[in-house]
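Here is the structure we will look at, set down as structure tokens.
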Amino acid sequence: MQTPNGRYVCNDKVHPAATQARRLTATEYQNAISDAFDGRLTASTKYPGSVGKSVTGFSTEAVFNDIGAGGAEQLMFAAEDVALQVPGVLTQMVPCASSAPGEPCVNTFLDKYGTRAYRRPLSTAERNELLDEYRAGVASGASFAESMAMLVDHLLQMPQFLYLAEAAAGTGRALDGYELASRLSFMLTDSIPDDALLAAAPNLTSPATLTAQATRLLAAAKANTAIARFFREWTGTFRVSPGDKDQTAFPFFDAATAKSMNDSFDRFVVDQLRNQGTVRTLLRSTDAFVDANMASFFGVAAPPPGQWAKVSLDARRYSGVVTQPAMLASLAHSSETSFVFRGRFIRKHLLCENLGAPPADAQSIFGSLPLPPNPTGKDISAAVVARAECSGCHSLMNPAGLAFEQFDAVGRYRTTYGSGKTIDPSGVLPSVGGRPGVAGRDLSFADQTAMMDQLASEPQVTTCLATQVFRFTVSRMDTPDDVCAIQGIGDALTASGGTLSQAIMAMVSTDAFTHRSDL
Amino acid sequence: MSQRIDRRRFLIGSGGSLLALPMLEALAPRTAFAQTAAPPRRLVVVFHPHGRVVGPGSNENWSPRTTTGPLPGVGTAPSVALAALAPISNEIVTLSNIDNIVRHTSGDPDGHASASATCMTCVVPNGGNARGPSIDYVAGLRLRSSPAQKMAIVIPAQAAPFDNSVTENNVFLGANGTPGNYQAIDPAQLIRDLFASVQVGPPPPPPPTPTLNDRLTARRGSILDAVAKGFTSFRAGLNSADRARLDQHAQFIRDTELRYPTVPPTPPPLPQSCAPPSTGSVPNYDWPSFRKGEHDDVFAQTQIESLVQALACDVTRTASLNFWAAGDPGFVTEFAPANSPYIGGNWHASIHGDGSPNDPSPASLTKGFGFYAKYYTRLIQRLAAIQETDGSRMLDNTLVVWVSDLGYGSGHYCYNYPVVLAGMKSAFPKGQGRHVVGQVNSLGDLYAQVLRMLGGSDTTYGSTGTLATAGGFSTNFLPQMGRPGLINKDTPLHFGPLDL
């Protein structure tokens, strides 16, 4: 329930969330450098990306972003690339660089840019460390601008910049204002706090101030990248490119089309969150955003060249985010669809069910399945489910995935396979809505629109969305200790009729956001 | 700033042991030798054989005082034996109560071998054979600006040929007790060897101005070191899991750092006083009389000048002056022509037998010893006369340590070594022009302090622990120690800092 001051609670105890220090993702690094230096410096592509596989699907997981053995060197190269840009723009950054170069000017630089990079005022020791780098530059005969570049080189390799790390909390403590500012900005903008948020940081422990800043940030255009990232990573929608698809089967799928498809997805999910979209509209809307490429893709009228338009697609075919071509193309193979990928999304990420890992010899088993000539998806699924070691998960996943067989590997609608066989999208999705003591029920559907229509009203989906928002925010899987926060987000969603933005705002108002504990 | 560079060099120079260090130790800041564009720090070691020569104990004439206190002013003899130091008495600190403790681990019956093997190594010897490097070598490794620079050179200060005695071959030592870096005894050859690469004349054209990319690349090792230190301080407030994450990152930085050797800072411009001696200005060593000591005064001055110029021209940063003639001939130049008491006998034999050991000031021994003091003074004055590029005296950046192999040579005693320090005024918090009679300290304490004065953080030098734990305990020299109750199996090899 929500208290009068906006805090979501489930009892009289404080429920902090355990969090871990984590390195900035490549996206956050790029945004942080651009924002810290007013867009005058550009991040290097040498910044080391993530390693391994994210458990939640979200790119901010701590382990996912640990550097490897070569990472320190890559970070150094990346910092140097940025530092090399400094002399060219230094006078724009600090006019005193031309009028009065010297340590007072360095301090002016640190007051503004150092504070932004470290997301809080610098301590005396931190300031001196950076000043030392500047002084070493001067002592080596470097010019003022070159010495400042050395300082920036140093700054961009420091943990205060590279890591989101909060002081030890033991069993739990409230975050201070600057810690909250960083949490909020990275959650909602994939970047460092802006100046207004830093200015408000000392008062962010006030729920009203925190909510006001969250509202401001969520309304800002710069939140679009974080909003899109949430939906992309939740749905497993990556930035598709021509190389992902068989160019013989899909010769039209060039770079321009792929970019349009990606942008179309982002525009759809941002529109959903910004314009009072709900769980239902997210899953059932017929909206699509088209430019010339996507208009051609969908077979609708094109907007003027270079422009985008919001159109309504055929409700008998299209159903919300799950029929966005970028998502369908992501959850498919190069030339063929994947009812497994698509069905796994429904069960694992829309219903938040735990599925076991496939057996080690899954591919071998698949290769040995007895299949008829030109098998349909259902033929293949039947053969898979017939295998006892496969049926446990595939009997749950496959019906959901087969419902999307009317969308090919790049997300185009179709009614037949290449063999000429008709696609049957009907099915039964088993065991939905079960919980301890309550058996799940089977959902029968004629096609994916009918299936999504039932799922859009399913409480398990609402709870799962709340869970995904929680995972996105704390960058890890949820545990039984997190049930209170997830319940609070779910309550906010239900109370608002499933309004998506309310899930974000509710998350910010939970103890899990304002407090932390150690793992 | 400079410590970053030096710590890396220190670690890499320690046999690449960085990776084996526990994380916290690997990341902890350490103090090491400075290496800046300012005038470099340098070390000169002066050695003479047979200790205080006269004595033992209170029957000696070396000590300026019996308690800690100021030396007489400039122009007044600090003591009978050190009368020649009168012109520099304000530049020196004389020490009493410095003992060679580690020598008591040796069962070697020879009176000199174990003493010479330990007097500058402080490492438990193998009988009379040294097993460690001498202090000049240890400091030299850290002081030199690059491997191309000459390392810990040892310059003979007397013209007598090398006769392979233990006071010659067992004092200045390299790694594991290997021979030190002895230079040619022929003064002309020494000059040719030392200054072959020194260019005197118009300065070379300046190197092209480095680009920012050059500068960033050159500073990679240093910046990585600074960043790793930043991780160390940042991790302090985090919980254990987060600390482990940052430690892992920091370790990768350290691993990377080792792949980027620090480019030595641009060597400081040579002092204007860098003036390599001319081979034409030194006497011909092939004169037969030279090797008989008849020109030791000319020889010593020539060698001192080569040593001073080797430092001034940055040929090396560690040089030693070795008065190595422990036997004969001895001090021909100190006595009226042809009547040196040490021509017929020799210096070693005379110390053992010239008059009674209880005679506090046998005139000939004192006069002979004055030879060392005279040229120590000459060395200090020459170092003081060289002006560095920053206006300081080269003496102010050079620590000069005068030691011997024994405390009192007459009985092979290894207590109360005669030690005179000079130079590097800033490293003496209590000033110079003092005599210090502190608690008993070991030579290991002295050399650890020397390393600290040069910028290190060493608290011990050589072997550590107690006599028993370091290498065993021998009573061979116990009755002669003059330290009743001090020496036993549990005697530590280090006692702590000196009162400087």
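By convention here, the chains of the structure tokens are called A, B, ... in the order presented, each chain's residues are numbered starting at 1, and ligands are numbered starting at 1 in the order presented.
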Would you kindly return, as a compact mmCIF listing (two decimals) with C-alpha atoms, in the first residue's frame, each protein, DNA or RNA residue with an atom no farther than 8 Å from any atom of region 154-164 of chain B, considering only C-alpha atoms and excluding same-chain residues fewer than 3 positions away?
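The result, stored in selection14.txt:
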```txt
# COMPACT_ATOMS: atom_id res chain seq x y z
CA GLU B 168 89.69 -5.27 -1.17
CA ASN B 169 87.58 -8.02 -2.66
CA PHE B 172 82.09 -3.72 -2.30
CA GLY B 180 81.50 -5.09 -7.02
CA ASN B 181 81.85 -2.80 -9.96
CA TYR B 182 85.54 -1.98 -9.54
CA GLN B 183 86.93 0.60 -11.92
CA ALA B 184 90.35 0.84 -13.49
CA ILE B 185 93.12 1.83 -11.16
CA PHE B 290 103.33 5.35 -8.31
CA ARG B 291 102.55 1.86 -7.18
CA LYS B 292 104.70 2.25 -4.15
CA GLY B 293 102.51 5.00 -2.76
CA HIS B 295 102.26 9.79 -5.24
CA ASP B 296 99.15 8.79 -3.28
CA PHE B 299 96.48 9.89 -7.06
CA ALA B 300 93.74 10.42 -4.45
CA GLN B 303 90.50 9.84 -8.39
CA ILE B 304 88.29 12.09 -6.28
CA LEU B 307 84.41 10.51 -8.96
CA ALA B 319 80.12 5.98 -6.52
CA SER B 320 82.50 4.71 -3.88
CA LEU B 321 85.97 5.72 -2.93
CA ASN B 322 87.92 2.73 -1.73
CA PHE B 323 91.07 3.32 0.31
CA TRP B 324 91.91 -0.25 -0.20
CA ALA B 325 95.60 -0.46 0.71
CA ASP B 328 101.74 -1.86 2.31
CA PRO B 329 102.84 0.57 1.12
```
Can you list every residue of chain B that has an atom at most 7 Å from chain A, with its nearest atom pair and the distance in Å to one decimal, using only C-alpha atoms, ordered by chain then number, as JSON lines?
```
{"residue": "B:Met1", "atom": "CA", "partner": "A:Asp132", "partner_atom": "CA", "distance": 6.7}
{"residue": "B:Leu212", "atom": "CA", "partner": "A:Glu146", "partner_atom": "CA", "distance": 6.0}
{"residue": "B:Asn213", "atom": "CA", "partner": "A:Leu84", "partner_atom": "CA", "distance": 6.9}
{"residue": "B:Leu216", "atom": "CA", "partner": "A:Met150", "partner_atom": "CA", "distance": 6.6}
{"residue": "B:Ile223", "atom": "CA", "partner": "A:His154", "partner_atom": "CA", "distance": 6.3}
{"residue": "B:Val227", "atom": "CA", "partner": "A:Met158", "partner_atom": "CA", "distance": 5.8}
{"residue": "B:Gly230", "atom": "CA", "partner": "A:Met158", "partner_atom": "CA", "distance": 6.5}
{"residue": "B:Phe231", "atom": "CA", "partner": "A:Pro159", "partner_atom": "CA", "distance": 6.1}
{"residue": "B:Gly237", "atom": "CA", "partner": "A:Ala167", "partner_atom": "CA", "distance": 5.4}
{"residue": "B:Leu238", "atom": "CA", "partner": "A:Ala168", "partner_atom": "CA", "distance": 4.6}
{"residue": "B:Asn239", "atom": "CA", "partner": "A:Ala168", "partner_atom": "CA", "distance": 4.5}
{"residue": "B:Asp242", "atom": "CA", "partner": "A:Ala21", "partner_atom": "CA", "distance": 5.5}
{"residue": "B:His249", "atom": "CA", "partner": "A:Ile67", "partner_atom": "CA", "distance": 6.7}
{"residue": "B:Phe252", "atom": "CA", "partner": "A:Ala69", "partner_atom": "CA", "distance": 5.7}
{"residue": "B:Ile253", "atom": "CA", "partner": "A:Ala72", "partner_atom": "CA", "distance": 5.3}
{"residue": "B:Thr256", "atom": "CA", "partner": "A:Glu73", "partner_atom": "CA", "distance": 6.3}
```
Just the alpha helix (DSSP H) stuff from region 279-494 of chain A, please, per backbone DSSP, written as JSON, numbers by chain. {"A": [279, 280, 281, 282, 283, 284, 292, 293, 294, 295, 296, 297, 298, 325, 326, 327, 328, 329, 330, 339, 340, 341, 342, 343, 344, 362, 363, 364, 365, 366, 367, 377, 378, 379, 380, 381, 382, 383, 384, 385, 388, 389, 390, 391, 392, 393, 394, 395, 396, 397, 398, 399, 400, 401, 402, 448, 449, 450, 451, 452, 453, 454, 455, 459, 460, 461, 462, 463, 464, 465, 466, 467, 468, 469, 470, 471, 472, 473, 474, 483, 484, 485, 486, 487, 488, 489, 490, 491, 492, 493, 494]}
For the residues in the current selection, export C-alpha atoms as a PDB file, in the first residue's frame.
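Output file selection_8.pdb follows:
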```
ATOM      1  CA  VAL A 279      -0.289  -3.173 -19.701  1.00  0.00           C
ATOM      2  CA  ARG A 280      -3.237  -3.818 -21.991  1.00  0.00           C
ATOM      3  CA  THR A 281      -2.282  -1.274 -24.627  1.00  0.00           C
ATOM      4  CA  LEU A 282       1.312  -2.397 -24.483  1.00  0.00           C
ATOM      5  CA  LEU A 283       0.158  -5.874 -25.429  1.00  0.00           C
ATOM      6  CA  ARG A 284      -2.822  -5.054 -27.592  1.00  0.00           C
ATOM      7  CA  ALA A 292       8.948   5.401 -45.599  1.00  0.00           C
ATOM      8  CA  ASN A 293      10.735   2.125 -44.984  1.00  0.00           C
ATOM      9  CA  MET A 294       8.328   0.861 -42.358  1.00  0.00           C
ATOM     10  CA  ALA A 295       5.305   2.087 -44.307  1.00  0.00           C
ATOM     11  CA  SER A 296       6.466  -0.084 -47.157  1.00  0.00           C
ATOM     12  CA  PHE A 297       7.106  -2.907 -44.738  1.00  0.00           C
ATOM     13  CA  PHE A 298       3.582  -2.761 -43.325  1.00  0.00           C
ATOM     14  CA  PRO A 325       8.926  -6.288 -36.261  1.00  0.00           C
ATOM     15  CA  ALA A 326      12.140  -5.562 -34.379  1.00  0.00           C
ATOM     16  CA  MET A 327      11.050  -7.855 -31.552  1.00  0.00           C
ATOM     17  CA  LEU A 328       9.833 -10.570 -33.883  1.00  0.00           C
ATOM     18  CA  ALA A 329      13.065 -10.364 -35.876  1.00  0.00           C
ATOM     19  CA  SER A 330      15.152 -10.509 -32.706  1.00  0.00           C
ATOM     20  CA  PHE A 339       8.683 -20.504 -31.873  1.00  0.00           C
ATOM     21  CA  VAL A 340      10.992 -21.429 -29.021  1.00  0.00           C
ATOM     22  CA  PHE A 341      12.495 -17.923 -28.688  1.00  0.00           C
ATOM     23  CA  ARG A 342       9.108 -16.287 -28.954  1.00  0.00           C
ATOM     24  CA  GLY A 343       7.391 -18.736 -26.639  1.00  0.00           C
ATOM     25  CA  ARG A 344      10.197 -18.462 -24.119  1.00  0.00           C
ATOM     26  CA  ALA A 362      19.495 -30.391 -27.132  1.00  0.00           C
ATOM     27  CA  GLN A 363      20.844 -29.581 -30.575  1.00  0.00           C
ATOM     28  CA  SER A 364      21.728 -33.185 -31.156  1.00  0.00           C
ATOM     29  CA  ILE A 365      18.270 -34.277 -30.102  1.00  0.00           C
ATOM     30  CA  PHE A 366      16.727 -31.692 -32.383  1.00  0.00           C
ATOM     31  CA  GLY A 367      18.745 -32.918 -35.314  1.00  0.00           C
ATOM     32  CA  GLY A 377       6.168 -25.259 -36.783  1.00  0.00           C
ATOM     33  CA  LYS A 378       3.578 -27.429 -35.185  1.00  0.00           C
ATOM     34  CA  ASP A 379       5.130 -30.541 -36.767  1.00  0.00           C
ATOM     35  CA  ILE A 380       8.465 -29.664 -35.247  1.00  0.00           C
ATOM     36  CA  SER A 381       6.948 -28.729 -31.910  1.00  0.00           C
ATOM     37  CA  ALA A 382       5.070 -31.994 -31.709  1.00  0.00           C
ATOM     38  CA  ALA A 383       8.246 -33.935 -32.307  1.00  0.00           C
ATOM     39  CA  VAL A 384      10.067 -31.963 -29.629  1.00  0.00           C
ATOM     40  CA  VAL A 385       7.345 -32.282 -27.028  1.00  0.00           C
ATOM     41  CA  ALA A 388      10.235 -36.725 -22.431  1.00  0.00           C
ATOM     42  CA  GLU A 389      13.405 -34.755 -21.644  1.00  0.00           C
ATOM     43  CA  CYS A 390      12.084 -31.813 -23.666  1.00  0.00           C
ATOM     44  CA  SER A 391       8.412 -31.746 -22.968  1.00  0.00           C
ATOM     45  CA  GLY A 392       8.582 -30.162 -19.531  1.00  0.00           C
ATOM     46  CA  CYS A 393       9.532 -26.743 -20.842  1.00  0.00           C
ATOM     47  CA  HIS A 394       8.541 -26.987 -24.486  1.00  0.00           C
ATOM     48  CA  SER A 395       4.972 -27.943 -23.698  1.00  0.00           C
ATOM     49  CA  LEU A 396       4.765 -24.608 -21.886  1.00  0.00           C
ATOM     50  CA  MET A 397       6.703 -22.466 -24.361  1.00  0.00           C
ATOM     51  CA  ASN A 398       5.855 -23.837 -27.758  1.00  0.00           C
ATOM     52  CA  PRO A 399       2.122 -23.037 -27.904  1.00  0.00           C
ATOM     53  CA  ALA A 400       2.855 -19.376 -27.206  1.00  0.00           C
ATOM     54  CA  GLY A 401       5.602 -19.235 -29.798  1.00  0.00           C
ATOM     55  CA  LEU A 402       3.584 -21.063 -32.444  1.00  0.00           C
ATOM     56  CA  GLN A 448      -1.801 -14.571 -31.161  1.00  0.00           C
ATOM     57  CA  THR A 449      -4.153 -11.570 -30.929  1.00  0.00           C
ATOM     58  CA  ALA A 450      -6.605 -13.672 -28.983  1.00  0.00           C
ATOM     59  CA  MET A 451      -3.845 -15.056 -26.797  1.00  0.00           C
ATOM     60  CA  MET A 452      -2.468 -11.592 -26.046  1.00  0.00           C
ATOM     61  CA  ASP A 453      -5.935 -10.312 -25.321  1.00  0.00           C
ATOM     62  CA  GLN A 454      -6.271 -12.859 -22.524  1.00  0.00           C
ATOM     63  CA  LEU A 455      -2.764 -12.276 -21.237  1.00  0.00           C
ATOM     64  CA  PRO A 459      -2.645 -10.604 -13.041  1.00  0.00           C
ATOM     65  CA  GLN A 460       0.468 -12.741 -13.458  1.00  0.00           C
ATOM     66  CA  VAL A 461       1.520 -10.443 -16.280  1.00  0.00           C
ATOM     67  CA  THR A 462       1.047  -7.361 -14.131  1.00  0.00           C
ATOM     68  CA  THR A 463       3.116  -8.859 -11.335  1.00  0.00           C
ATOM     69  CA  CYS A 464       5.751  -9.882 -13.848  1.00  0.00           C
ATOM     70  CA  LEU A 465       5.968  -6.370 -15.252  1.00  0.00           C
ATOM     71  CA  ALA A 466       6.440  -5.087 -11.696  1.00  0.00           C
ATOM     72  CA  THR A 467       9.196  -7.645 -11.266  1.00  0.00           C
ATOM     73  CA  GLN A 468      10.883  -6.565 -14.484  1.00  0.00           C
ATOM     74  CA  VAL A 469      10.863  -2.932 -13.381  1.00  0.00           C
ATOM     75  CA  PHE A 470      12.439  -4.017 -10.108  1.00  0.00           C
ATOM     76  CA  ARG A 471      15.138  -6.049 -11.848  1.00  0.00           C
ATOM     77  CA  PHE A 472      15.827  -3.203 -14.259  1.00  0.00           C
ATOM     78  CA  THR A 473      16.298  -0.795 -11.374  1.00  0.00           C
ATOM     79  CA  VAL A 474      18.428  -2.871  -9.021  1.00  0.00           C
ATOM     80  CA  VAL A 483       8.607  -9.249  -2.511  1.00  0.00           C
ATOM     81  CA  CYS A 484       7.520  -6.108  -0.700  1.00  0.00           C
ATOM     82  CA  ALA A 485       8.916  -3.771  -3.326  1.00  0.00           C
ATOM     83  CA  ILE A 486       7.515  -5.824  -6.180  1.00  0.00           C
ATOM     84  CA  GLN A 487       4.146  -5.951  -4.488  1.00  0.00           C
ATOM     85  CA  GLY A 488       4.203  -2.165  -4.172  1.00  0.00           C
ATOM     86  CA  ILE A 489       4.925  -1.692  -7.861  1.00  0.00           C
ATOM     87  CA  GLY A 490       2.248  -4.220  -8.770  1.00  0.00           C
ATOM     88  CA  ASP A 491      -0.249  -2.427  -6.528  1.00  0.00           C
ATOM     89  CA  ALA A 492       0.506   0.854  -8.242  1.00  0.00           C
ATOM     90  CA  LEU A 493       0.011  -0.738 -11.630  1.00  0.00           C
ATOM     91  CA  THR A 494      -3.304  -2.268 -10.616  1.00  0.00           C
TER      92      THR A 494
END
```
As a VMD selection string, please: every residue in region 91-338 of chain B that a backbone DSSP assignment puts in strand (DSSP E or B). chain B and resid 92 to 99 126 129 150 153 to 156 173 179 181 to 182 316 318 to 322
Would you pick out the contacts of Gly172 (chain A) at 10 Å or less, using only C-alpha atoms, so that residues sharing its chain but fewer than 5 positions from it are not included, and give the list as a count of residues only? 10
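Put simply, CA of Asn397 (chain B) is 26.6 Å away from CA of Ser63 (chain B).
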Spatial neighbours of region 133-136 of chain B, 10 Å, only C-alpha atoms, chain gap at least 6 places, as an MDAnalysis selection string: chainID B and resid 43:45 117:123 143 151:154 170:180 317:320 401 444 447:448 450:451 461:462
Please, could you write that set of residues out with C-alpha atoms as a PDB file, in the first residue's frame?
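Below you can see again_7.pdb, which holds the result:
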```
ATOM      1  CA  LEU B  43      75.285   8.309  -2.784  1.00  0.00           C
ATOM      2  CA  VAL B  44      79.011   8.198  -2.199  1.00  0.00           C
ATOM      3  CA  VAL B  45      80.513   5.558   0.077  1.00  0.00           C
ATOM      4  CA  ALA B 117      81.968  -9.612   4.194  1.00  0.00           C
ATOM      5  CA  THR B 118      79.343  -8.079   6.448  1.00  0.00           C
ATOM      6  CA  CYS B 119      80.324  -4.473   7.035  1.00  0.00           C
ATOM      7  CA  MET B 120      78.397  -3.240   4.018  1.00  0.00           C
ATOM      8  CA  THR B 121      76.138  -6.187   3.264  1.00  0.00           C
ATOM      9  CA  CYS B 122      74.772  -6.900   6.758  1.00  0.00           C
ATOM     10  CA  VAL B 123      73.868 -10.297   5.331  1.00  0.00           C
ATOM     11  CA  LEU B 143      69.097   5.588  -7.805  1.00  0.00           C
ATOM     12  CA  MET B 151      75.920   1.219 -11.577  1.00  0.00           C
ATOM     13  CA  ALA B 152      77.582   1.665  -8.197  1.00  0.00           C
ATOM     14  CA  ILE B 153      81.100   2.233  -9.380  1.00  0.00           C
ATOM     15  CA  VAL B 154      84.020   1.618  -7.012  1.00  0.00           C
ATOM     16  CA  ASN B 170      85.119  -8.666   0.156  1.00  0.00           C
ATOM     17  CA  VAL B 171      83.682  -5.216   0.833  1.00  0.00           C
ATOM     18  CA  PHE B 172      82.087  -3.720  -2.298  1.00  0.00           C
ATOM     19  CA  LEU B 173      79.852  -6.438  -3.606  1.00  0.00           C
ATOM     20  CA  GLY B 174      77.115  -7.047  -6.123  1.00  0.00           C
ATOM     21  CA  ALA B 175      74.138  -9.369  -6.033  1.00  0.00           C
ATOM     22  CA  ASN B 176      74.623 -12.417  -3.808  1.00  0.00           C
ATOM     23  CA  GLY B 177      78.108 -11.317  -2.871  1.00  0.00           C
ATOM     24  CA  THR B 178      79.538 -11.232  -6.375  1.00  0.00           C
ATOM     25  CA  PRO B 179      82.381  -8.753  -6.999  1.00  0.00           C
ATOM     26  CA  GLY B 180      81.501  -5.093  -7.017  1.00  0.00           C
ATOM     27  CA  ARG B 317      74.548   8.284  -9.188  1.00  0.00           C
ATOM     28  CA  THR B 318      76.369   5.948  -6.846  1.00  0.00           C
ATOM     29  CA  ALA B 319      80.123   5.976  -6.516  1.00  0.00           C
ATOM     30  CA  SER B 320      82.497   4.707  -3.876  1.00  0.00           C
ATOM     31  CA  VAL B 401      78.891   7.785   4.052  1.00  0.00           C
ATOM     32  CA  GLY B 444      71.855  -2.661   9.324  1.00  0.00           C
ATOM     33  CA  TYR B 447      72.080   1.464   6.069  1.00  0.00           C
ATOM     34  CA  ALA B 448      68.304   1.243   6.362  1.00  0.00           C
ATOM     35  CA  VAL B 450      70.707   5.685   4.562  1.00  0.00           C
ATOM     36  CA  LEU B 451      68.131   4.208   2.198  1.00  0.00           C
ATOM     37  CA  TYR B 461      68.728  -3.710   5.747  1.00  0.00           C
ATOM     38  CA  GLY B 462      70.355  -7.067   5.095  1.00  0.00           C
TER      39      GLY B 462
END
```
